[in-house]
file work.cif (mmCIF, C-alpha atoms and all ligand atoms)
data_data
loop_
_atom_site.label_atom_id
_atom_site.label_comp_id
_atom_site.auth_asym_id
_atom_site.auth_seq_id
_atom_site.Cartn_x
_atom_site.Cartn_y
_atom_site.Cartn_z
CA MET A 1 14.02 3.59 10.37
CA ALA A 2 16.45 1.91 7.97
CA ILE A 3 19.69 3.72 7.21
CA ILE A 4 19.38 5.06 3.70
CA GLU A 5 22.03 7.39 2.39
CA ASN A 6 19.50 9.67 0.76
CA ARG A 7 17.00 11.41 3.04
CA LYS A 8 14.39 11.44 0.28
CA ILE A 9 13.81 7.70 0.84
CA GLN A 10 12.50 6.53 4.23
CA LEU A 11 11.91 2.85 5.02
CA TYR A 12 10.26 1.87 8.31
CA ARG A 13 9.75 -1.49 9.95
CA ASP A 14 6.14 -1.29 11.06
CA ASP A 15 2.66 -2.65 10.60
CA ALA A 16 0.95 -0.84 7.70
CA ILE A 17 -1.89 0.64 9.75
CA SER A 18 0.32 1.67 12.66
CA PHE A 19 2.79 3.27 10.19
CA LEU A 20 0.03 5.21 8.39
CA LYS A 21 -1.34 6.45 11.71
CA LYS A 22 2.00 8.20 12.34
CA LEU A 23 1.85 10.19 9.07
CA PRO A 24 0.27 13.66 9.09
CA ASP A 25 -3.03 14.36 7.25
CA GLY A 26 -2.57 15.11 3.55
CA SER A 27 1.19 14.46 3.59
CA ILE A 28 1.26 11.92 0.74
CA ASP A 29 0.91 12.61 -3.00
CA ILE A 30 0.37 9.07 -4.22
CA ILE A 31 -0.05 5.60 -2.71
CA ILE A 32 1.17 2.60 -4.73
CA SER A 33 0.92 -0.69 -2.91
CA ASP A 34 0.87 -4.45 -3.18
CA PRO A 35 -0.45 -5.74 0.16
CA ALA A 36 0.15 -9.30 1.40
CA TYR A 37 -3.48 -10.45 1.29
CA SER A 38 -4.43 -13.55 3.20
CA GLY A 39 -7.49 -14.17 1.00
CA MET A 40 -5.65 -16.33 -1.48
CA ASN A 41 -4.35 -18.68 1.21
CA GLN A 42 -7.59 -18.78 3.13
CA ARG A 43 -9.96 -19.35 0.23
CA LEU A 44 -7.91 -21.23 -2.27
CA LYS A 45 -7.49 -24.74 -0.97
CA ILE A 46 -5.05 -26.32 -3.35
CA GLY A 47 -2.78 -29.07 -2.11
CA SER A 48 -1.16 -27.78 1.03
CA GLY A 49 -2.31 -24.23 0.24
CA LYS A 50 1.25 -23.00 0.63
CA ILE A 51 1.29 -20.08 -1.70
CA VAL A 52 3.32 -17.34 -0.09
CA GLY A 53 7.00 -18.15 0.02
CA LYS A 54 9.13 -21.12 0.87
CA TYR A 55 7.93 -22.09 4.34
CA THR A 56 11.32 -22.80 5.78
CA LYS A 57 11.80 -22.36 9.50
CA GLY A 58 12.55 -18.85 10.66
CA GLU A 59 10.90 -15.47 10.77
CA ASN A 60 7.07 -15.34 10.62
CA ASN A 61 6.47 -18.87 11.78
CA GLY A 62 8.30 -20.41 8.87
CA ARG A 63 6.72 -18.27 6.17
CA TRP A 64 8.66 -15.88 4.04
CA PHE A 65 6.44 -13.08 5.22
CA MET A 66 3.33 -12.30 7.18
CA GLU A 67 0.01 -11.91 5.44
CA PHE A 68 -2.03 -8.82 6.11
CA GLY A 69 -5.27 -9.67 7.91
CA ASP A 70 -7.59 -8.59 5.12
CA SER A 71 -10.93 -8.91 6.83
CA GLU A 72 -13.27 -6.23 5.54
CA GLU A 73 -12.99 -4.44 8.89
CA ASN A 74 -9.21 -4.40 8.88
CA TYR A 75 -9.06 -3.39 5.23
CA GLU A 76 -11.52 -0.55 5.79
CA GLN A 77 -9.36 0.73 8.63
CA PHE A 78 -6.31 0.53 6.35
CA LEU A 79 -8.13 2.44 3.59
CA ALA A 80 -9.43 5.08 6.00
CA GLU A 81 -5.81 5.80 6.98
CA CYS A 82 -4.78 5.87 3.30
CA TYR A 83 -7.56 8.39 2.65
CA ARG A 84 -6.52 10.58 5.58
CA VAL A 85 -2.81 10.75 4.64
CA LEU A 86 -3.44 11.28 0.92
CA ARG A 87 -3.57 14.89 -0.25
CA SER A 88 -6.77 15.96 -2.06
CA ASN A 89 -6.92 15.48 -5.82
CA ARG A 90 -4.47 12.60 -5.80
CA HIS A 91 -4.44 8.92 -6.81
CA ILE A 92 -4.06 5.56 -5.11
CA TYR A 93 -3.09 2.29 -6.84
CA LEU A 94 -3.77 -0.98 -5.02
CA MET A 95 -2.75 -4.39 -6.34
CA PHE A 96 -4.99 -7.46 -5.92
CA ASP A 97 -5.07 -11.14 -6.70
CA SER A 98 -8.46 -12.25 -8.08
CA TYR A 99 -9.68 -13.65 -4.76
CA SER A 100 -8.96 -10.57 -2.70
CA LEU A 101 -10.37 -8.34 -5.42
CA ILE A 102 -13.76 -10.05 -5.28
CA THR A 103 -14.02 -9.47 -1.54
CA LEU A 104 -12.29 -6.14 -1.09
CA ALA A 105 -13.08 -4.03 -4.18
CA PRO A 106 -16.47 -3.00 -2.67
CA VAL A 107 -14.58 -1.79 0.42
CA VAL A 108 -12.30 0.36 -1.77
CA ARG A 109 -15.40 1.77 -3.43
CA ARG A 110 -16.83 2.87 -0.06
CA VAL A 111 -13.73 4.98 0.63
CA PHE A 112 -12.30 6.11 -2.74
CA GLU A 113 -13.65 6.90 -6.19
CA ILE A 114 -12.60 3.98 -8.39
CA LYS A 115 -11.42 5.14 -11.82
CA ASN A 116 -9.94 2.01 -13.41
CA LEU A 117 -9.50 -1.69 -12.95
CA ILE A 118 -6.16 -2.42 -14.59
CA CYS A 119 -5.04 -5.91 -15.53
CA TRP A 120 -1.33 -6.58 -15.21
CA ASP A 121 -0.65 -9.28 -17.81
CA LYS A 122 2.47 -11.13 -16.62
CA VAL A 123 2.98 -12.57 -20.13
CA ARG A 124 3.91 -16.06 -18.90
CA ILE A 125 1.63 -18.34 -16.90
CA GLY A 126 2.24 -19.15 -13.25
CA LEU A 127 0.65 -21.57 -10.79
CA GLY A 128 -3.05 -22.43 -10.80
CA TYR A 129 -5.23 -25.50 -10.47
CA TYR A 130 -7.88 -24.73 -13.10
CA PHE A 131 -6.87 -21.96 -15.50
CA ARG A 132 -3.27 -21.03 -14.80
CA ARG A 133 -2.79 -17.54 -13.44
CA ARG A 134 -1.18 -14.97 -15.69
CA HIS A 135 -2.49 -11.74 -14.24
CA GLU A 136 -3.04 -9.55 -11.23
CA PHE A 137 -5.36 -6.61 -10.88
CA VAL A 138 -4.68 -3.01 -9.93
CA ILE A 139 -7.44 -0.71 -8.72
CA MET A 140 -6.71 2.89 -9.59
CA ALA A 141 -8.80 5.30 -7.54
CA SER A 142 -8.81 8.93 -6.52
CA LYS A 143 -9.42 11.26 -3.64
CA GLY A 144 -10.97 14.19 -5.47
CA LYS A 145 -10.30 15.03 -9.10
CA ARG A 146 -7.10 14.41 -11.00
CA ALA A 147 -6.36 13.54 -14.63
CA ILE A 148 -3.54 11.19 -15.65
CA SER A 149 -0.56 12.40 -17.65
CA LEU A 150 -0.58 9.56 -20.17
CA ARG A 151 -2.79 9.36 -23.23
CA GLY A 152 -3.87 6.27 -25.13
CA ILE A 153 -2.58 3.71 -22.65
CA PRO A 154 -4.57 0.48 -22.45
CA ASP A 155 -5.81 -0.89 -19.12
CA VAL A 156 -3.94 -4.13 -19.77
CA TRP A 157 -0.24 -3.81 -18.98
CA ARG A 158 2.03 -6.44 -20.52
CA ILE A 159 5.00 -6.58 -18.19
CA ASN A 160 6.87 -9.84 -17.53
CA ARG A 161 6.75 -11.36 -14.06
CA VAL A 162 10.01 -11.44 -12.06
CA ASN A 163 11.30 -14.96 -12.56
CA SER A 164 14.58 -15.13 -10.72
CA TYR A 165 13.36 -13.18 -7.72
CA ARG A 166 15.39 -12.38 -4.62
CA TYR A 167 12.21 -11.81 -2.57
CA PRO A 168 8.97 -13.78 -3.03
CA THR A 169 6.22 -11.79 -4.77
CA GLN A 170 8.83 -9.26 -5.90
CA LYS A 171 7.13 -7.11 -8.54
CA PRO A 172 8.72 -5.57 -11.63
CA THR A 173 9.68 -1.95 -11.03
CA GLU A 174 7.98 -1.09 -14.35
CA VAL A 175 4.53 -1.83 -12.87
CA PHE A 176 5.07 0.83 -10.20
CA GLN A 177 6.83 3.18 -12.63
CA LEU A 178 3.81 3.15 -14.91
CA MET A 179 1.57 4.18 -12.00
CA LEU A 180 3.95 7.05 -11.24
CA LYS A 181 4.32 8.09 -14.88
CA ALA A 182 0.54 8.41 -15.05
CA SER A 183 -0.18 10.04 -11.69
CA ALA A 184 2.93 11.63 -10.17
CA GLU A 185 5.04 14.71 -10.70
CA ARG A 186 8.72 15.30 -9.94
CA GLY A 187 9.19 15.60 -6.15
CA PHE A 188 5.89 13.89 -5.25
CA MET A 189 5.87 11.99 -1.95
CA VAL A 190 5.15 8.34 -2.81
CA CYS A 191 3.93 5.95 -0.10
CA ASP A 192 3.91 2.13 -0.01
CA PRO A 193 2.93 0.61 3.36
CA PHE A 194 3.90 -2.94 2.16
CA PHE A 195 7.15 -2.35 0.24
CA GLY A 196 8.63 -5.89 0.41
CA SER A 197 11.86 -5.90 -1.58
CA GLY A 198 11.50 -2.19 -2.34
CA SER A 199 10.41 -2.28 -6.01
CA SER A 200 8.11 0.70 -5.43
CA ALA A 201 10.96 2.64 -3.78
CA ILE A 202 13.24 1.99 -6.78
CA ALA A 203 10.40 3.11 -9.08
CA ALA A 204 10.04 6.32 -7.04
CA ILE A 205 13.76 7.09 -7.38
CA LYS A 206 13.66 6.38 -11.12
CA GLU A 207 10.69 8.72 -11.51
CA ASN A 208 12.34 11.52 -9.46
CA CYS A 209 9.99 11.22 -6.51
CA ARG A 210 10.46 10.97 -2.74
CA PHE A 211 9.40 7.81 -0.92
CA VAL A 212 8.15 6.77 2.49
CA GLY A 213 7.05 3.23 3.27
CA SER A 214 6.82 0.38 5.72
CA ASP A 215 7.01 -3.38 5.90
CA ILE A 216 6.49 -5.57 8.93
CA SER A 217 9.25 -8.00 8.01
CA GLU A 218 12.85 -7.68 9.09
CA THR A 219 13.95 -9.48 5.91
CA ALA A 220 12.08 -6.94 3.77
CA ILE A 221 13.81 -4.05 5.55
CA LYS A 222 17.20 -5.69 5.12
CA PHE A 223 16.66 -6.47 1.43
CA ALA A 224 15.02 -3.16 0.51
CA THR A 225 17.69 -1.12 2.34
CA GLU A 226 20.49 -2.95 0.55
CA ARG A 227 18.69 -2.60 -2.78
CA VAL A 228 17.95 1.12 -2.44
CA ASN A 229 21.45 1.95 -1.16
CA GLN A 230 23.07 0.07 -4.06
CA PHE A 231 20.81 1.82 -6.52
CA LEU A 232 21.56 5.26 -5.09
CA LYS A 233 25.30 4.55 -5.06
CA TYR A 234 25.85 2.75 -8.36
CA GLY A 235 22.61 3.27 -10.32
CA VAL A 236 22.21 -0.52 -10.54
CA ASP A 237 19.12 -2.40 -9.36
CA VAL A 238 20.67 -5.54 -7.89
CA PHE A 239 17.26 -7.23 -7.56
CA GLN A 240 16.13 -6.60 -11.15
CA LYS A 241 18.99 -6.24 -13.58
CA ASP A 242 16.96 -6.15 -16.82
CA SER A 243 13.84 -4.44 -18.09
CA LEU A 244 10.74 -6.61 -17.80
CA LEU A 245 8.62 -4.66 -20.27
CA GLY A 246 6.63 -6.91 -22.57
CA ASP A 247 6.03 -6.40 -26.28
CA ASP A 248 3.41 -3.62 -26.04
CA GLU A 249 4.78 -0.95 -28.35
CA MET A 250 2.94 1.89 -26.59
CA LEU A 251 4.40 0.98 -23.20
CA ARG A 252 7.87 0.62 -24.72
CA LYS A 253 7.53 4.07 -26.28
CA ILE A 254 6.63 5.62 -22.90
CA PHE A 255 9.67 4.10 -21.22
CA ARG A 256 11.91 5.04 -24.18
CA GLU A 257 10.71 8.52 -24.95
CA GLY A 258 8.59 9.69 -22.00
CA LEU A 259 4.96 10.74 -21.96
CA VAL A 260 2.69 10.25 -24.95
C1 LIG B 301 3.16 -8.88 -1.75
S1 LIG B 301 4.50 -8.43 -0.71
C2 LIG B 301 5.09 -6.92 -1.42
C3 LIG B 301 6.09 -7.19 -2.50
C4 LIG B 301 6.66 -5.92 -3.07
N1 LIG B 301 5.69 -5.18 -3.83
C5 LIG B 301 7.88 -6.20 -3.94
O1 LIG B 301 7.86 -5.89 -5.14
O2 LIG B 301 8.85 -6.77 -3.42
C6 LIG B 301 3.66 -7.88 0.72
C7 LIG B 301 4.54 -7.43 1.86
O3 LIG B 301 3.68 -7.04 2.94
C8 LIG B 301 4.38 -7.29 4.15
N2 LIG B 301 3.38 -7.32 5.24
C9 LIG B 301 2.56 -8.32 5.66
N3 LIG B 301 1.75 -7.90 6.66
C10 LIG B 301 2.06 -6.61 6.88
C11 LIG B 301 1.56 -5.62 7.76
N4 LIG B 301 0.59 -5.88 8.63
N5 LIG B 301 2.09 -4.37 7.68
C12 LIG B 301 3.10 -4.09 6.81
N6 LIG B 301 3.63 -5.00 5.96
C13 LIG B 301 3.10 -6.23 5.98
C14 LIG B 301 5.11 -8.59 3.93
O4 LIG B 301 6.23 -8.68 4.78
C15 LIG B 301 5.49 -8.46 2.43
O5 LIG B 301 6.80 -8.00 2.28
#
call {"tool": "encode", "arguments": {"input": "work.cif", "output": "structure tokens"}}
result
Amino acid sequence: MAIIENRKIQLYRDDAISFLKKLPDGSIDIIISDPAYSGMNQRLKIGSGKIVGKYTKGENNGRWFMEFGDSEENYEQFLAECYRVLRSNRHIYLMFDSYSLITLAPVVRRVFEIKNLICWDKVRIGLGYYFRRRHEFVIMASKGKRAISLRGIPDVWRINRVNSYRYPTQKPTEVFQLMLKASAERGFMVCDPFFGSGSSAIAAIKENCRFVGSDISETAIKFATERVNQFLKYGVDVFQKDSLLGDDEMLRKIFREGLV
């Protein structure tokens, strides 16, 4: 386990499925995660197909990080563990690129009750061969029944992408905070089995929750530990200095004034 000065935050270096297997049944109040799908690299043949990271020599065979083997079988096993560790009447949020969503959404449906397909609008366009990508999807699903705490929130979230990232595919903390604002309560145990740079852990701290998570990469552990420790010590997120909220007035109001 990484050395974090606050026992409410636990970061493990482990494979997602192996990590989940070590957690007791019903010990988690909410899962918020952004897995490293391999679908995009396998199915999208553009140029060299090098999508994830910088491909310099080093850890993970020259890639910034490992992709999660997202065969339907593997993903079903991952979801079965998510289901087991999640308490009843709780929510799970899973992020997807378009390619992985097409293949894996039916698998999510076999395990959880899907409630929403949310579109994260990154405001500015990114890479893409045909239409340039400006979004990712989030499946929001439940184990049992649970309402959300927010009213009148659209299922399109305008939140700027992280441009000057310290970790590839680093997500804005606001994306994870919004999930927690809708589905968590103070003291909830938040779980992210693919935490990367630790954006979900920072979101958990900001929303007064506890956090337990894993990542297979040594770099992720190093970065996330440094980030969380700095945040706990100085209240500064060294990986995301400014708010990335877009111009959606309703979302701005929630972050300014709390629940609506
Ligand atoms: C899309 S990134 C997560 C980025 C993160 N949400 C952030 O904001 O920084 C996916 C992460 O999954 C990790 N990963 C890949 N395969 C894994 C596995 N089998 N188990 C756990 N983590 C894995 C990668 O190291 C990477 O950090």
call {"tool": "closest_residue", "arguments": {"input": "work.cif", "among": "A:Asp155, A:Asp215, A:Asp25, A:Glu226", "to": "Asp248 of chain A", "atoms": "all atoms listed in the file"}}
result
A:Asp155
call {"tool": "closest_residue", "arguments": {"input": "work.cif", "among": "A:Gly213, A:Gly246, A:Pro35, A:Pro154", "to": "ligand LIG 301 (chain B)", "atoms": "only C-alpha atoms and all ligand atoms"}}
result
A:Pro35
call {"tool": "atom_distance", "arguments": {"input": "work.cif", "atom1": "atom CA of Phe176 of chain A", "atom2": "atom CA of Arg161 of chain A"}}
result
12.9 Å
call {"tool": "residues_around", "arguments": {"input": "work.cif", "residues": "Lys145 of chain A", "least_positions_apart": "4", "cutoff": "10 Å", "atoms": "all atoms listed in the file", "output": "mmCIF file with C-alpha atoms, in the coordinates of the input"}}
result
data_model
loop_
_atom_site.group_PDB
_atom_site.id
_atom_site.type_symbol
_atom_site.label_atom_id
_atom_site.label_comp_id
_atom_site.auth_asym_id
_atom_site.auth_seq_id
_atom_site.Cartn_x
_atom_site.Cartn_y
_atom_site.Cartn_z
ATOM 1 C CA SER A 88 -6.770 15.960 -2.060
ATOM 2 C CA ASN A 89 -6.920 15.480 -5.820
ATOM 3 C CA ARG A 90 -4.470 12.600 -5.800
ATOM 4 C CA HIS A 91 -4.440 8.920 -6.810
ATOM 5 C CA GLU A 113 -13.650 6.900 -6.190
ATOM 6 C CA ALA A 141 -8.800 5.300 -7.540
#
call {"tool": "atom_distance", "arguments": {"input": "work.cif", "atom1": "atom C5 of ligand LIG 301 (chain B)", "atom2": "atom CA of Phe231 of chain A"}}
result
15.4 Å
call {"tool": "closest_residue", "arguments": {"input": "work.cif", "among": "A:Leu259, A:Val123, A:Ile17, A:Ile159", "to": "ligand LIG 301 (chain B)", "atoms": "only C-alpha atoms and all ligand atoms"}}
result
A:Ile17
call {"tool": "closest_residue", "arguments": {"input": "work.cif", "among": "A:Leu79, A:Ala36, A:Ile30, A:Met95", "to": "Ala204 of chain A", "atoms": "all atoms listed in the file"}}
result
A:Ile30
call {"tool": "residues_near_point", "arguments": {"input": "work.cif", "point": "(-0.7, -7.9, 1.0)", "cutoff": "8 Å", "atoms": "only C-alpha atoms", "output": "VMD selection string"}}
result
chain A and resid 34 to 38 67 to 68 194
call {"tool": "residues_near_ligand", "arguments": {"input": "work.cif", "ligand": "ligand LIG 301 (chain B)", "cutoff": "6 Å", "atoms": "only C-alpha atoms and all ligand atoms", "output": "ChimeraX atom specification"}}
result
/A:14-16,34-36,65-68,169-171,193-199,214-217,220
call {"tool": "closest_residue", "arguments": {"input": "work.cif", "among": "A:Met250, A:Leu11, A:Gly258, A:Ser100", "to": "Gly152 of chain A", "atoms": "only C-alpha atoms"}}
result
A:Met250
call {"tool": "atom_distance", "arguments": {"input": "work.cif", "atom1": "atom CA of Arg133 of chain A", "atom2": "atom CA of Tyr93 of chain A"}}
result
20.9 Å
call {"tool": "residues_around", "arguments": {"input": "work.cif", "residues": "Arg227 of chain A", "least_positions_apart": "3", "cutoff": "12 Å", "atoms": "all atoms listed in the file", "output": "ChimeraX atom specification"}}
result
/A:2-5,9,11,166-167,195-203,205,220-224,230-241
call {"tool": "residues_around", "arguments": {"input": "work.cif", "residues": "Leu245 of chain A", "least_positions_apart": "5", "cutoff": "10 Å", "atoms": "all atoms listed in the file", "output": "PDB file with C-alpha atoms, in the coordinates of the input"}}
result
ATOM      1  CA  LYS A 122       2.470 -11.130 -16.620  1.00  0.00           C
ATOM      2  CA  VAL A 123       2.980 -12.570 -20.130  1.00  0.00           C
ATOM      3  CA  TRP A 157      -0.240  -3.810 -18.980  1.00  0.00           C
ATOM      4  CA  ARG A 158       2.030  -6.440 -20.520  1.00  0.00           C
ATOM      5  CA  ILE A 159       5.000  -6.580 -18.190  1.00  0.00           C
ATOM      6  CA  ASN A 160       6.870  -9.840 -17.530  1.00  0.00           C
ATOM      7  CA  ARG A 161       6.750 -11.360 -14.060  1.00  0.00           C
ATOM      8  CA  PRO A 172       8.720  -5.570 -11.630  1.00  0.00           C
ATOM      9  CA  THR A 173       9.680  -1.950 -11.030  1.00  0.00           C
ATOM     10  CA  GLU A 174       7.980  -1.090 -14.350  1.00  0.00           C
ATOM     11  CA  VAL A 175       4.530  -1.830 -12.870  1.00  0.00           C
ATOM     12  CA  LEU A 251       4.400   0.980 -23.200  1.00  0.00           C
ATOM     13  CA  ARG A 252       7.870   0.620 -24.720  1.00  0.00           C
ATOM     14  CA  PHE A 255       9.670   4.100 -21.220  1.00  0.00           C
TER      15      PHE A 255
END
call {"tool": "residues_around", "arguments": {"input": "work.cif", "residues": "Ser27 of chain A", "least_positions_apart": "3", "cutoff": "8 Å", "atoms": "all atoms listed in the file", "output": "list in words"}}
result
Leu23, Pro24, Val85, Leu86, Arg87 and Met189 of chain A
call {"tool": "closest_residue", "arguments": {"input": "work.cif", "among": "A:Ala80, A:Cys119, A:Met1, A:Ile114", "to": "Asp97 of chain A", "atoms": "all atoms listed in the file"}}
result
A:Cys119
call {"tool": "build_atoms", "arguments": {"input": "work.cif", "residues": "segment 221-238 of chain A", "atoms": "N, CA and C atoms", "output": "short mmCIF file (atom, residue, chain, number, x, y, z; two decimals), in the frame of the given file"}}
result
data_model
loop_
_atom_site.label_atom_id
_atom_site.label_comp_id
_atom_site.auth_asym_id
_atom_site.auth_seq_id
_atom_site.Cartn_x
_atom_site.Cartn_y
_atom_site.Cartn_z
N ILE A 221 13.04 -5.26 5.25
CA ILE A 221 13.81 -4.05 5.55
C ILE A 221 15.27 -4.24 5.12
N LYS A 222 15.80 -5.41 5.45
CA LYS A 222 17.20 -5.69 5.12
C LYS A 222 17.40 -5.67 3.59
N PHE A 223 16.53 -6.37 2.89
CA PHE A 223 16.66 -6.47 1.43
C PHE A 223 16.44 -5.11 0.76
N ALA A 224 15.36 -4.43 1.18
CA ALA A 224 15.02 -3.16 0.51
C ALA A 224 16.10 -2.10 0.79
N THR A 225 16.65 -2.10 2.01
CA THR A 225 17.69 -1.12 2.34
C THR A 225 18.92 -1.35 1.47
N GLU A 226 19.31 -2.62 1.36
CA GLU A 226 20.49 -2.95 0.55
C GLU A 226 20.23 -2.54 -0.91
N ARG A 227 19.03 -2.86 -1.38
CA ARG A 227 18.69 -2.60 -2.78
C ARG A 227 18.70 -1.10 -3.09
N VAL A 228 18.05 -0.33 -2.21
CA VAL A 228 17.95 1.12 -2.44
C VAL A 228 19.34 1.77 -2.33
N ASN A 229 20.12 1.37 -1.32
CA ASN A 229 21.45 1.95 -1.16
C ASN A 229 22.33 1.67 -2.37
N GLN A 230 22.28 0.44 -2.88
CA GLN A 230 23.07 0.07 -4.06
C GLN A 230 22.63 0.89 -5.27
N PHE A 231 21.32 1.07 -5.36
CA PHE A 231 20.81 1.82 -6.52
C PHE A 231 21.24 3.28 -6.45
N LEU A 232 21.17 3.85 -5.24
CA LEU A 232 21.56 5.26 -5.09
C LEU A 232 23.06 5.44 -5.34
N LYS A 233 23.84 4.46 -4.95
CA LYS A 233 25.30 4.55 -5.06
C LYS A 233 25.79 4.28 -6.49
N TYR A 234 25.29 3.19 -7.08
CA TYR A 234 25.85 2.75 -8.36
C TYR A 234 24.86 2.83 -9.52
N GLY A 235 23.61 3.19 -9.25
CA GLY A 235 22.61 3.27 -10.32
C GLY A 235 22.24 1.90 -10.86
N VAL A 236 22.52 0.84 -10.07
CA VAL A 236 22.21 -0.52 -10.54
C VAL A 236 21.18 -1.13 -9.59
N ASP A 237 20.13 -1.71 -10.18
CA ASP A 237 19.12 -2.40 -9.36
C ASP A 237 19.56 -3.85 -9.22
N VAL A 238 20.11 -4.19 -8.06
CA VAL A 238 20.67 -5.54 -7.89
C VAL A 238 19.60 -6.63 -7.82
#
